[in-house]
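Shown below: query-v4.cif, with mmCIF, C-alpha atoms.
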data_target
loop_
_atom_site.label_atom_id
_atom_site.label_comp_id
_atom_site.auth_asym_id
_atom_site.auth_seq_id
_atom_site.Cartn_x
_atom_site.Cartn_y
_atom_site.Cartn_z
CA MET A 36 -32.25 21.28 4.58
CA ARG A 37 -30.09 19.94 1.77
CA LEU A 38 -26.47 20.72 1.00
CA PRO A 39 -26.54 23.97 -1.01
CA LEU A 40 -26.12 23.77 -4.76
CA ASP A 41 -25.09 26.56 -7.07
CA SER A 42 -27.13 25.31 -10.00
CA ASP A 43 -30.18 23.27 -10.88
CA ASP A 44 -28.32 21.61 -13.77
CA PRO A 45 -29.27 17.92 -13.52
CA SER A 46 -25.88 16.85 -14.96
CA PRO A 47 -23.27 19.07 -13.28
CA ASP A 48 -19.56 18.86 -13.91
CA LEU A 49 -18.42 16.27 -11.39
CA ASP A 50 -14.90 17.69 -11.09
CA THR A 51 -15.90 20.62 -8.86
CA SER A 52 -15.51 21.53 -5.19
CA GLN A 53 -19.32 21.53 -4.98
CA GLU A 54 -19.50 17.88 -5.96
CA GLN A 55 -16.60 17.03 -3.69
CA ARG A 56 -18.40 18.63 -0.75
CA ALA A 57 -21.56 16.72 -1.62
CA LEU A 58 -19.54 13.48 -1.79
CA ILE A 59 -17.98 14.15 1.60
CA GLY A 60 -21.39 15.02 2.97
CA LEU A 61 -22.79 11.70 1.78
CA SER A 62 -19.93 9.85 3.43
CA LEU A 63 -20.79 11.55 6.73
CA VAL A 64 -24.50 10.70 6.66
CA PRO A 65 -25.28 8.13 9.40
CA GLY A 66 -26.04 4.75 7.86
CA VAL A 67 -24.46 5.51 4.49
CA GLY A 68 -21.42 3.27 4.37
CA ALA A 69 -19.18 2.52 1.41
CA THR A 70 -21.61 0.01 -0.14
CA ARG A 71 -24.66 2.31 0.00
CA LEU A 72 -22.58 5.25 -1.16
CA ARG A 73 -21.48 3.32 -4.25
CA ALA A 74 -25.10 2.31 -4.92
CA LEU A 75 -26.29 5.92 -4.61
CA LEU A 76 -23.60 7.21 -6.96
CA ALA A 77 -24.35 4.47 -9.48
CA HIS A 78 -28.05 5.34 -9.41
CA PHE A 79 -27.89 9.15 -9.38
CA GLU A 80 -24.43 9.60 -11.01
CA ALA A 81 -23.62 12.82 -9.12
CA PRO A 82 -23.36 13.29 -5.33
CA SER A 83 -25.34 16.53 -5.52
CA ALA A 84 -28.15 14.68 -7.28
CA VAL A 85 -28.49 12.38 -4.28
CA PHE A 86 -29.21 15.36 -2.02
CA ARG A 87 -31.78 16.67 -4.55
CA ALA A 88 -33.60 13.35 -4.79
CA SER A 89 -37.04 12.70 -3.34
CA ARG A 90 -37.70 10.19 -0.60
CA SER A 91 -39.31 7.73 -3.02
CA ALA A 92 -36.37 8.01 -5.44
CA LEU A 93 -33.88 7.37 -2.65
CA GLU A 94 -35.76 4.33 -1.42
CA ARG A 95 -35.65 2.81 -4.91
CA VAL A 96 -31.87 2.47 -4.57
CA ASP A 97 -30.78 -1.02 -3.58
CA GLY A 98 -29.95 -1.13 0.14
CA VAL A 99 -31.47 2.27 0.97
CA GLY A 100 -34.47 1.95 3.25
CA PRO A 101 -36.69 4.57 4.94
CA GLN A 102 -34.20 5.20 7.77
CA THR A 103 -31.25 5.88 5.46
CA ALA A 104 -33.40 7.97 3.12
CA GLU A 105 -34.54 10.08 6.07
CA ALA A 106 -30.92 10.56 7.20
CA ILE A 107 -29.99 11.84 3.72
CA LEU A 108 -33.00 14.13 3.49
CA THR A 109 -32.32 15.71 6.89
CA PHE A 110 -28.54 15.93 6.74
CA GLU A 111 -27.51 19.45 7.76
CA ASP A 112 -23.97 19.12 9.04
CA ARG A 113 -22.24 21.58 6.74
CA ALA A 114 -19.77 22.31 9.53
CA ALA A 115 -18.53 18.72 9.47
CA VAL A 116 -18.06 18.90 5.69
CA GLU A 117 -16.11 22.15 5.96
CA GLN A 118 -14.06 20.73 8.80
CA GLU A 119 -13.12 17.76 6.63
CA MET A 120 -12.13 20.06 3.77
CA GLY A 121 -10.16 22.26 6.17
CA ARG A 122 -8.27 19.26 7.55
CA ALA A 123 -7.52 18.22 3.97
CA ASP A 124 -5.97 21.62 3.34
CA ASP A 125 -3.92 21.40 6.53
CA LEU A 126 -2.57 17.98 5.57
CA GLU A 127 -2.24 18.79 1.86
CA ALA A 128 -4.56 15.83 1.26
CA THR A 129 -6.49 15.39 -1.96
CA LEU A 130 -9.87 13.77 -2.55
CA ILE A 131 -9.68 11.26 -5.41
CA SER A 132 -13.25 10.68 -6.58
CA PRO A 133 -14.46 7.96 -8.96
CA TRP A 134 -14.71 10.44 -11.84
CA ASP A 135 -11.16 11.71 -11.26
CA ASP A 136 -8.67 10.63 -13.93
CA ARG A 137 -6.22 9.84 -11.13
CA PHE A 138 -8.47 7.16 -9.65
CA PRO A 139 -6.57 3.91 -10.40
CA ASP A 140 -8.14 1.98 -13.26
CA ARG A 141 -7.28 -1.39 -11.74
CA LEU A 142 -9.19 -0.38 -8.62
CA ARG A 143 -12.25 0.42 -10.72
CA GLU A 144 -12.27 -3.19 -11.95
CA ILE A 145 -12.85 -4.86 -8.57
CA TYR A 146 -16.28 -5.87 -7.34
CA ASP A 147 -16.43 -3.33 -4.51
CA PRO A 148 -14.13 -0.37 -5.22
CA PRO A 149 -13.94 2.47 -2.69
CA ALA A 150 -16.36 5.32 -3.31
CA PHE A 151 -13.42 7.72 -3.05
CA LEU A 152 -9.90 7.95 -1.64
CA TRP A 153 -8.17 10.54 0.47
CA MET A 154 -4.56 10.88 -0.63
CA ARG A 155 -1.45 12.44 0.84
CA GLY A 156 1.22 12.45 -1.85
CA THR A 157 0.86 11.49 -5.50
CA LEU A 158 -0.21 8.38 -7.34
CA PRO A 159 2.05 6.97 -10.07
CA GLU A 160 1.10 7.15 -13.71
CA GLU A 161 -1.50 4.52 -14.56
CA ALA A 162 1.00 2.62 -16.71
CA ALA A 163 3.34 2.16 -13.73
CA PRO A 164 3.02 -1.46 -12.53
CA MET A 165 2.29 -2.21 -8.87
CA VAL A 166 2.88 -5.24 -6.66
CA THR A 167 1.45 -5.60 -3.16
CA VAL A 168 3.76 -6.98 -0.46
CA VAL A 169 2.13 -8.04 2.82
CA GLY A 170 2.71 -10.29 5.79
CA THR A 171 2.45 -10.72 9.53
CA ARG A 172 3.11 -8.02 12.09
CA ARG A 173 4.86 -10.63 14.27
CA CYS A 174 7.51 -11.42 11.71
CA THR A 175 10.89 -13.08 12.12
CA ASP A 176 14.22 -11.49 11.22
CA TYR A 177 14.19 -13.70 8.12
CA GLY A 178 10.78 -12.41 7.04
CA ARG A 179 11.69 -8.79 7.69
CA ALA A 180 14.95 -9.07 5.74
CA GLN A 181 13.26 -10.83 2.82
CA ALA A 182 10.45 -8.27 2.66
CA HIS A 183 13.01 -5.46 2.55
CA HIS A 184 15.08 -7.27 -0.08
CA LEU A 185 12.20 -8.25 -2.37
CA ALA A 186 10.48 -4.86 -2.16
CA GLY A 187 13.78 -3.18 -2.97
CA ALA A 188 14.29 -5.48 -5.93
CA LEU A 189 10.78 -4.68 -7.20
CA ALA A 190 11.41 -0.95 -6.82
CA ARG A 191 14.69 -1.20 -8.72
CA ARG A 192 12.76 -2.90 -11.54
CA GLY A 193 10.36 0.03 -11.78
CA PHE A 194 7.46 -1.38 -9.74
CA THR A 195 5.50 0.59 -7.16
CA VAL A 196 5.29 -1.41 -3.92
CA VAL A 197 1.90 -1.37 -2.15
CA SER A 198 1.48 -2.30 1.52
CA GLY A 199 -0.47 -1.44 4.65
CA LEU A 200 1.97 0.48 6.94
CA ALA A 201 1.61 -2.11 9.71
CA TYR A 202 4.44 -3.30 11.92
CA GLY A 203 6.56 -6.17 10.65
CA ILE A 204 6.45 -7.17 7.00
CA ASP A 205 4.50 -4.11 5.79
CA ALA A 206 6.99 -1.64 7.26
CA ALA A 207 9.93 -3.63 5.93
CA ALA A 208 8.41 -3.63 2.43
CA HIS A 209 7.84 0.13 2.47
CA LYS A 210 11.38 0.74 3.72
CA GLY A 211 12.85 -1.66 1.16
CA ALA A 212 11.23 0.25 -1.70
CA LEU A 213 12.24 3.64 -0.28
CA ASP A 214 15.83 2.55 0.46
CA ALA A 215 16.10 1.45 -3.16
CA GLY A 216 15.04 4.91 -4.29
CA GLY A 217 11.67 3.63 -5.46
CA ARG A 218 8.02 4.48 -4.88
CA THR A 219 5.56 2.89 -2.46
CA LEU A 220 1.89 3.33 -1.52
CA ALA A 221 0.43 2.79 1.94
CA VAL A 222 -3.28 1.94 2.30
CA LEU A 223 -4.56 2.66 5.79
CA GLY A 224 -7.26 1.23 8.03
CA SER A 225 -7.59 4.70 9.56
CA GLY A 226 -7.80 8.21 8.14
CA VAL A 227 -4.82 9.87 6.46
CA GLY A 228 -4.80 12.36 9.32
CA CYS A 229 -4.59 9.60 11.93
CA ILE A 230 -1.55 7.51 11.03
CA TYR A 231 -1.63 4.06 12.58
CA PRO A 232 0.49 2.83 14.18
CA PRO A 233 1.61 6.27 15.42
CA LYS A 234 5.26 5.15 15.45
CA HIS A 235 5.08 5.00 11.65
CA THR A 236 4.23 8.70 11.27
CA SER A 237 7.73 9.50 10.00
CA LEU A 238 7.61 6.49 7.66
CA ALA A 239 4.26 7.71 6.29
CA LYS A 240 5.85 11.09 5.64
CA ARG A 241 8.68 9.45 3.69
CA ILE A 242 6.16 7.44 1.68
CA ALA A 243 4.14 10.54 0.76
CA GLU A 244 7.24 12.35 -0.49
CA SER A 245 7.65 9.98 -3.45
CA GLY A 246 4.42 7.96 -3.40
CA ALA A 247 1.15 8.22 -1.49
CA VAL A 248 -0.70 7.41 1.70
CA LEU A 249 -4.30 6.43 0.90
CA SER A 250 -7.53 5.82 2.82
CA GLU A 251 -11.23 5.50 2.09
CA TYR A 252 -12.11 6.63 5.61
CA ALA A 253 -12.75 10.12 6.98
CA ILE A 254 -9.55 12.11 7.36
CA ASP A 255 -9.30 11.79 11.14
CA ALA A 256 -10.98 8.39 11.42
CA GLU A 257 -9.35 6.32 14.15
CA PRO A 258 -8.27 2.74 13.47
CA ASP A 259 -11.10 0.28 13.94
CA ALA A 260 -10.73 -3.51 13.76
CA PRO A 261 -13.24 -4.04 10.89
CA ASN A 262 -11.44 -1.42 8.78
CA PHE A 263 -8.32 -3.49 8.27
CA PRO A 264 -9.78 -6.55 6.52
CA GLU A 265 -12.04 -4.13 4.60
CA ARG A 266 -9.12 -2.06 3.29
CA ASN A 267 -7.30 -5.24 2.19
CA ARG A 268 -9.41 -5.35 -0.99
CA ILE A 269 -7.77 -2.05 -1.95
CA LEU A 270 -4.31 -3.44 -1.24
CA SER A 271 -4.88 -6.34 -3.61
CA GLY A 272 -7.03 -4.40 -6.07
CA LEU A 273 -4.39 -1.79 -6.84
CA ALA A 274 -1.77 -4.30 -7.95
CA LEU A 275 -0.97 -6.82 -10.64
CA GLY A 276 -0.21 -9.34 -7.93
CA THR A 277 0.16 -9.85 -4.18
CA LEU A 278 3.25 -11.31 -2.52
CA VAL A 279 2.78 -12.78 0.96
CA VAL A 280 6.19 -12.87 2.65
CA GLU A 281 5.36 -14.42 6.01
CA SER A 282 2.05 -15.37 7.63
CA TYR A 283 0.64 -17.44 10.43
CA ALA A 284 -2.23 -19.87 9.76
CA GLU A 285 -4.66 -16.96 10.08
CA GLY A 286 -4.18 -13.26 9.52
CA GLY A 287 -4.78 -10.21 7.40
CA ALA A 288 -2.17 -11.18 4.83
CA LEU A 289 -4.11 -14.34 3.98
CA ILE A 290 -7.29 -12.26 3.64
CA THR A 291 -5.45 -10.07 1.15
CA ALA A 292 -4.28 -13.16 -0.76
CA ARG A 293 -7.84 -14.52 -0.90
CA LEU A 294 -9.16 -11.19 -2.16
CA ALA A 295 -6.43 -11.07 -4.80
CA LEU A 296 -7.54 -14.48 -6.07
CA GLU A 297 -11.17 -13.32 -6.15
CA GLN A 298 -10.07 -10.24 -8.11
CA ASN A 299 -8.26 -12.47 -10.62
CA ARG A 300 -4.86 -11.17 -9.55
CA GLU A 301 -1.65 -13.17 -9.23
CA VAL A 302 -0.67 -14.44 -5.78
CA PHE A 303 2.88 -15.25 -4.69
CA ALA A 304 4.32 -16.57 -1.43
CA LEU A 305 7.78 -16.88 0.06
CA PRO A 306 8.45 -20.33 1.53
CA GLY A 307 9.53 -20.48 5.15
CA ASN A 308 10.81 -22.81 7.82
CA VAL A 309 8.29 -25.65 8.20
CA THR A 310 8.86 -25.68 11.96
CA LYS A 311 7.93 -22.00 12.35
CA ASP A 312 4.28 -21.00 12.93
CA SER A 313 5.08 -17.69 11.21
CA SER A 314 5.52 -19.54 7.91
CA LEU A 315 2.48 -21.81 8.16
CA GLY A 316 0.21 -19.52 6.15
CA THR A 317 2.63 -18.94 3.27
CA ASN A 318 3.66 -22.60 3.07
CA ARG A 319 0.01 -23.68 2.90
CA LEU A 320 -0.74 -21.14 0.16
CA ILE A 321 1.98 -22.79 -1.89
CA GLN A 322 0.98 -26.34 -0.92
CA GLN A 323 -2.65 -25.77 -1.89
CA GLY A 324 -1.72 -24.25 -5.24
CA HIS A 325 -3.08 -20.81 -4.37
CA ALA A 326 0.28 -19.07 -4.69
CA LYS A 327 3.42 -19.41 -6.73
CA LEU A 328 6.57 -20.09 -4.74
CA VAL A 329 8.97 -17.15 -4.86
CA MET A 330 12.64 -17.45 -3.93
CA GLU A 331 13.89 -14.49 -5.94
CA ILE A 332 12.37 -11.59 -7.82
CA GLU A 333 12.57 -13.35 -11.20
CA ASP A 334 10.11 -16.00 -9.94
CA LEU A 335 7.55 -13.23 -9.57
CA LEU A 336 8.36 -11.28 -12.72
CA GLU A 337 7.88 -14.22 -15.06
CA GLU A 338 4.21 -14.49 -14.01
CA LEU A 339 3.39 -10.84 -14.65
CA PRO A 340 2.50 -9.29 -18.03
CA ASP A 341 5.45 -8.93 -20.39
CA LEU A 342 4.86 -5.18 -20.72
CA THR A 343 5.77 -4.51 -17.08
CA VAL A 344 8.96 -6.54 -17.23
CA GLU A 345 9.99 -5.15 -20.61
CA THR A 346 10.27 -1.58 -19.31
CA ALA A 347 11.50 -2.37 -15.82
CA GLU A 348 15.25 -2.35 -16.43
CA ASP A 349 14.96 0.87 -18.44
CA VAL A 350 13.14 2.55 -15.57
CA ASP A 351 15.84 1.44 -13.15
CA ALA A 352 18.61 2.67 -15.44
CA ASP A 353 16.93 6.05 -15.85
CA MET A 354 16.65 6.44 -12.07
CA VAL A 355 20.35 5.75 -11.62
CA ALA A 356 21.40 8.01 -14.51
CA SER A 357 19.24 10.91 -13.33
CA GLY A 358 20.48 10.57 -9.76
CA THR A 359 16.96 10.19 -8.35
CA ARG A 360 17.89 6.87 -6.76
CA PRO A 361 20.50 7.41 -4.05
CA ASP A 362 23.58 5.24 -3.75
CA PRO A 363 22.71 2.78 -0.93
CA ALA A 364 26.31 2.97 0.32
CA GLU A 365 25.84 6.67 1.08
CA GLU A 366 23.01 5.95 3.53
CA LEU A 367 24.72 3.34 5.71
CA GLU A 368 25.17 3.78 9.43
CA GLY A 369 26.18 1.80 12.51
CA PRO A 370 27.60 -1.72 12.07
CA GLU A 371 26.71 -1.80 8.37
CA GLN A 372 28.87 1.26 7.72
CA VAL A 373 31.74 -0.16 9.80
CA LEU A 374 31.66 -3.49 7.95
CA TYR A 375 31.34 -1.92 4.52
CA ASP A 376 34.34 0.31 5.20
CA ALA A 377 36.37 -2.71 6.28
CA LEU A 378 35.59 -4.69 3.13
CA SER A 379 37.18 -4.43 -0.31
CA ASP A 380 37.20 -6.43 -3.52
CA THR A 381 39.39 -9.02 -1.77
CA PRO A 382 37.35 -11.69 0.08
CA MET A 383 37.58 -11.54 3.86
CA HIS A 384 36.46 -14.14 6.40
CA VAL A 385 33.83 -13.11 8.93
CA ASP A 386 36.19 -13.86 11.84
CA ALA A 387 38.78 -11.49 10.39
CA LEU A 388 36.07 -8.86 9.92
CA CYS A 389 35.00 -9.21 13.54
CA GLU A 390 38.59 -8.89 14.72
CA GLU A 391 39.17 -5.78 12.60
CA THR A 392 35.87 -4.04 13.44
CA GLY A 393 35.40 -5.18 17.04
CA LEU A 394 31.89 -6.45 16.26
CA ASP A 395 30.58 -9.71 17.71
CA PRO A 396 29.87 -12.49 15.15
CA SER A 397 26.08 -12.33 15.62
CA THR A 398 25.89 -8.58 14.92
CA ALA A 399 28.34 -8.88 12.04
CA LEU A 400 26.42 -11.69 10.29
CA VAL A 401 23.06 -9.91 10.58
CA SER A 402 24.55 -6.67 9.25
CA LEU A 403 26.36 -8.49 6.44
CA LEU A 404 23.07 -10.10 5.44
CA GLU A 405 21.45 -6.66 5.27
CA LEU A 406 24.35 -5.37 3.15
CA GLU A 407 23.94 -8.37 0.86
CA PHE A 408 20.23 -7.62 0.44
CA LYS A 409 21.10 -4.03 -0.43
CA GLY A 410 23.38 -5.28 -3.19
CA LEU A 411 26.52 -3.89 -1.54
CA VAL A 412 28.18 -7.09 -0.32
CA ARG A 413 28.57 -10.54 -1.81
CA GLN A 414 28.96 -13.69 0.29
CA LEU A 415 31.29 -16.39 -0.97
CA ALA A 416 31.87 -19.96 0.19
CA GLY A 417 33.26 -20.48 3.69
CA LYS A 418 31.75 -17.29 5.18
CA GLN A 419 33.96 -15.11 3.01
CA PHE A 420 32.67 -11.63 2.12
CA ARG A 421 33.67 -8.91 -0.31
CA ARG A 422 32.17 -5.75 -1.75
CA ALA A 423 29.74 -6.42 -4.61
#
Would you mind writing the file's structure down as structure tokens?
Amino acid sequence: MRLPLDSDDPSPDLDTSQEQRALIGLSLVPGVGATRLRALLAHFEAPSAVFRASRSALERVDGVGPQTAEAILTFEDRAAVEQEMGRADDLEATLISPWDDRFPDRLREIYDPPAFLWMRGTLPEEAAPMVTVVGTRRCTDYGRAQAHHLAGALARRGFTVVSGLAYGIDAAAHKGALDAGGRTLAVLGSGVGCIYPPKHTSLAKRIAESGAVLSEYAIDAEPDAPNFPERNRILSGLALGTLVVESYAEGGALITARLALEQNREVFALPGNVTKDSSLGTNRLIQQGHAKLVMEIEDLLEELPDLTVETAEDVDADMVASGTRPDPAEELEGPEQVLYDALSDTPMHVDALCEETGLDPSTALVSLLELEFKGLVRQLAGKQFRRA
């Protein structure tokens, strides 16, 4: 039995719940992965048309053999389709199909775009520029601080920051964009109803409030090792360019960089300590000419289209004027708050700060570095600090 259709119209309106249910049904058919699903949609144009097709018509589609055709012809699991739709309602998730105007145009351009996306949150306007920021889960304090700083700088320039919600560099990039009052997108290797890692559930919620959490997998799909390199093409495909902050000689961030090059996107890398294994991947990207060296945000901006840079400062100014971007000083806590309160426009040596605040030098220097990245503190010669 086929999925029920309300009409025999061979060219139905694709923006209907009927077509969405048919699309979800196709994604649940055993043996129909993303590649076959794209091929079926390209051949038949509408998901419902796939379920109306004959065996011979199905088998004429590239990659669809007798076994897959039989699975489509005998698919009866309406309950699974309705369960998926019900979960979407519970999570306030939206299905973004290829014929949806919200489906990102840049993602349509890549060789193997997702057949659809589940989304929690909202996508930015198509004109809004995006940059992907990725790196290792096993990052150093330097890498984490730089990811937070650079993502925040991008957000303040009007860019949407894209990353993968993983530990380490990804999380720091998302937080950097959010702390700057900007927008960020997270692309998952699991379903949008199964946040991975679970410790980032609250971070995912923050992301969805101003940006979006995206996945091409079933809503409650659990994380699976092959999913992560597969989703990396979406990370790179959404953006104008990909910035690798820190990476070992092998890892997912380098896969994303390679995919970005294949998609004719810009690739950038932050140089790191040559004695650290955690910088080997980024340093080699630069050495081999695959990535442009980035030390500050301007190094990245000058390689991107003029249109994105031209409007960036205006976007930032509008956010500040409208009050949508919070004052970073109002969100401080712990040692950062203590140090910021102790500082003024008059430079103060770190030793004097430690004496006044009771903080040890190590904690003080790390916190001062974070304040500097947030644009609240300026370091002068001789370990002197003052408010920015």
Quick check on the file I pasted: which residues fall under the PyMOL selection byres ((chain A and resi 60) around 10)? Write them as a ChimeraX atom specification. /A:38,54-59,61-64,82-83,86,107,110-117,119
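Evaluated against the shown file, the PyMOL selection byres ((chain A and resi 121-131) around 7) gives A:Glu117, A:Gln118, A:Glu119, A:Met120, A:Ser132, A:Pro133, A:Asp135, A:Arg137, A:Phe138, A:Phe151, A:Leu152, A:Trp153, A:Met154, A:Arg155.
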Would you write out, as a PyMOL selection string, every residue that the PyMOL selection byres ((chain A and resi 269) around 8) captures in this file? chain A and resi 142+148-149+222+266-268+270-273
Restricted to C-alpha atoms, what would the selected residues look like written as a PDB file, in the frame of the given file?
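Output contents, as saved in selection.pdb:
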ATOM      1  CA  LEU A 142      -9.190  -0.380  -8.620  1.00  0.00           C
ATOM      2  CA  PRO A 148     -14.130  -0.370  -5.220  1.00  0.00           C
ATOM      3  CA  PRO A 149     -13.940   2.470  -2.690  1.00  0.00           C
ATOM      4  CA  VAL A 222      -3.280   1.940   2.300  1.00  0.00           C
ATOM      5  CA  ARG A 266      -9.120  -2.060   3.290  1.00  0.00           C
ATOM      6  CA  ASN A 267      -7.300  -5.240   2.190  1.00  0.00           C
ATOM      7  CA  ARG A 268      -9.410  -5.350  -0.990  1.00  0.00           C
ATOM      8  CA  LEU A 270      -4.310  -3.440  -1.240  1.00  0.00           C
ATOM      9  CA  SER A 271      -4.880  -6.340  -3.610  1.00  0.00           C
ATOM     10  CA  GLY A 272      -7.030  -4.400  -6.070  1.00  0.00           C
ATOM     11  CA  LEU A 273      -4.390  -1.790  -6.840  1.00  0.00           C
TER      12      LEU A 273
END
Per residue of range 43-157 of chain A within 12 Å of range 280-294 of chain A, record the nearest atom pair and its distance in Å to one decimal, counting only C-alpha atoms, with rows in chain order and ascending residue number, as JSON lines.
{"residue": "A:Ile145", "atom": "CA", "partner": "A:Leu294", "partner_atom": "CA", "distance": 9.7}
{"residue": "A:Tyr146", "atom": "CA", "partner": "A:Leu294", "partner_atom": "CA", "distance": 10.3}
{"residue": "A:Asp147", "atom": "CA", "partner": "A:Leu294", "partner_atom": "CA", "distance": 11.0}
Could those selected residues go to a file with C-alpha atoms, as a short mmCIF file (atom, residue, chain, number, x, y, z; two decimals), in the coordinates of the input?
data_model
loop_
_atom_site.label_atom_id
_atom_site.label_comp_id
_atom_site.auth_asym_id
_atom_site.auth_seq_id
_atom_site.Cartn_x
_atom_site.Cartn_y
_atom_site.Cartn_z
CA ILE A 145 -12.85 -4.86 -8.57
CA TYR A 146 -16.28 -5.87 -7.34
CA ASP A 147 -16.43 -3.33 -4.51
#
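The space between CA of Thr310 in chain A and CA of Thr175 in chain A spans 12.8 Å.
Proximity of A:Gly178, A:Gly226, A:Gly276, A:Gly170 to Thr195 in chain A, computed with only C-alpha atoms, is greatest for A:Gly276.
Relative to CA of Gly199 in chain A, CA of Pro233 in chain A is found at 13.4 Å.
In this structure, CA of Ala104 in chain A sits 22.3 Å away from CA of Glu251 in chain A.
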Around range 178-182 of chain A, with edges along x, y and z and 6 Å added on all six sides, what centre and edge lengths do you get, in Å to one decimal, as JSON?
{"center_x": 12.7, "center_y": -10.3, "center_z": 5.2, "size_x": 16.5, "size_y": 16.1, "size_z": 17.0}
Option closest in space to Thr51 in chain A, from A:Gln323, A:Pro258, A:Leu328, A:Ala81 [counting only C-alpha atoms]: A:Ala81
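Using only C-alpha atoms, the set of residues no farther than 9 Å from the position (-6.1, -1.1, 7.3) comprises A:Gly199, A:Leu200, A:Ala201, A:Val222, A:Leu223, A:Gly224, A:Ser225, A:Tyr231, A:Ser250, A:Pro258, A:Asp259, A:Ala260, A:Pro261, A:Asn262, A:Phe263, A:Pro264, A:Glu265, A:Arg266, A:Asn267.
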Residues within 9 Å of (0.3, 10.7, -1.7), file coordinates, counting all atoms listed in the file: what are they? Give the list as a count of residues only. 18
Near Leu406 in chain A, within 12 Å and counting all atoms listed in the file, which residues show up once chain neighbours fewer than 3 positions away are dropped, as a ChimeraX atom specification? /A:180,183-184,214,363-364,366-376,378,399-403,409-414,420-423
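If you count all atoms listed in the file and ignore residues fewer than 3 places along the chain from Asp176 in chain A, what sits within 10 Å of it is A:Arg173, A:Arg179, A:Ala180, A:Gln181, A:Ala182, A:Gly203, A:Ile204, A:Val401.
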Write the selection just made, keeping C-alpha atoms, as a PDB file, in the frame of the given file?
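Here's the written file selection.pdb:
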ATOM      1  CA  ARG A 173       4.860 -10.630  14.270  1.00  0.00           C
ATOM      2  CA  ARG A 179      11.690  -8.790   7.690  1.00  0.00           C
ATOM      3  CA  ALA A 180      14.950  -9.070   5.740  1.00  0.00           C
ATOM      4  CA  GLN A 181      13.260 -10.830   2.820  1.00  0.00           C
ATOM      5  CA  ALA A 182      10.450  -8.270   2.660  1.00  0.00           C
ATOM      6  CA  GLY A 203       6.560  -6.170  10.650  1.00  0.00           C
ATOM      7  CA  ILE A 204       6.450  -7.170   7.000  1.00  0.00           C
ATOM      8  CA  VAL A 401      23.060  -9.910  10.580  1.00  0.00           C
TER       9      VAL A 401
END
Find the spatial neighbours of Val166 in chain A, counting all atoms listed in the file, within a cut-off of 9 Å - ignore same-chain residues fewer than 2 positions away - and output them as a tab-separated table (two decimals) with C-alpha atoms, in the coordinates of the input.
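Final file, selection.tsv:
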chain	number	residue	atom	x	y	z
A	164	PRO	CA	3.02	-1.46	-12.53
A	168	VAL	CA	3.76	-6.98	-0.46
A	186	ALA	CA	10.48	-4.86	-2.16
A	189	LEU	CA	10.78	-4.68	-7.20
A	194	PHE	CA	7.46	-1.38	-9.74
A	195	THR	CA	5.50	0.59	-7.16
A	196	VAL	CA	5.29	-1.41	-3.92
A	197	VAL	CA	1.90	-1.37	-2.15
A	198	SER	CA	1.48	-2.30	1.52
A	271	SER	CA	-4.88	-6.34	-3.61
A	273	LEU	CA	-4.39	-1.79	-6.84
A	274	ALA	CA	-1.77	-4.30	-7.95
A	275	LEU	CA	-0.97	-6.82	-10.64
A	276	GLY	CA	-0.21	-9.34	-7.93
A	277	THR	CA	0.16	-9.85	-4.18
A	278	LEU	CA	3.25	-11.31	-2.52
Which polymer residues have any atom within 8 Å of an atom of Leu335 in chain A, counting all atoms listed in the file, with same-chain residues fewer than 6 positions away left out, as a PyMOL selection string? chain A and resi 303+327+329
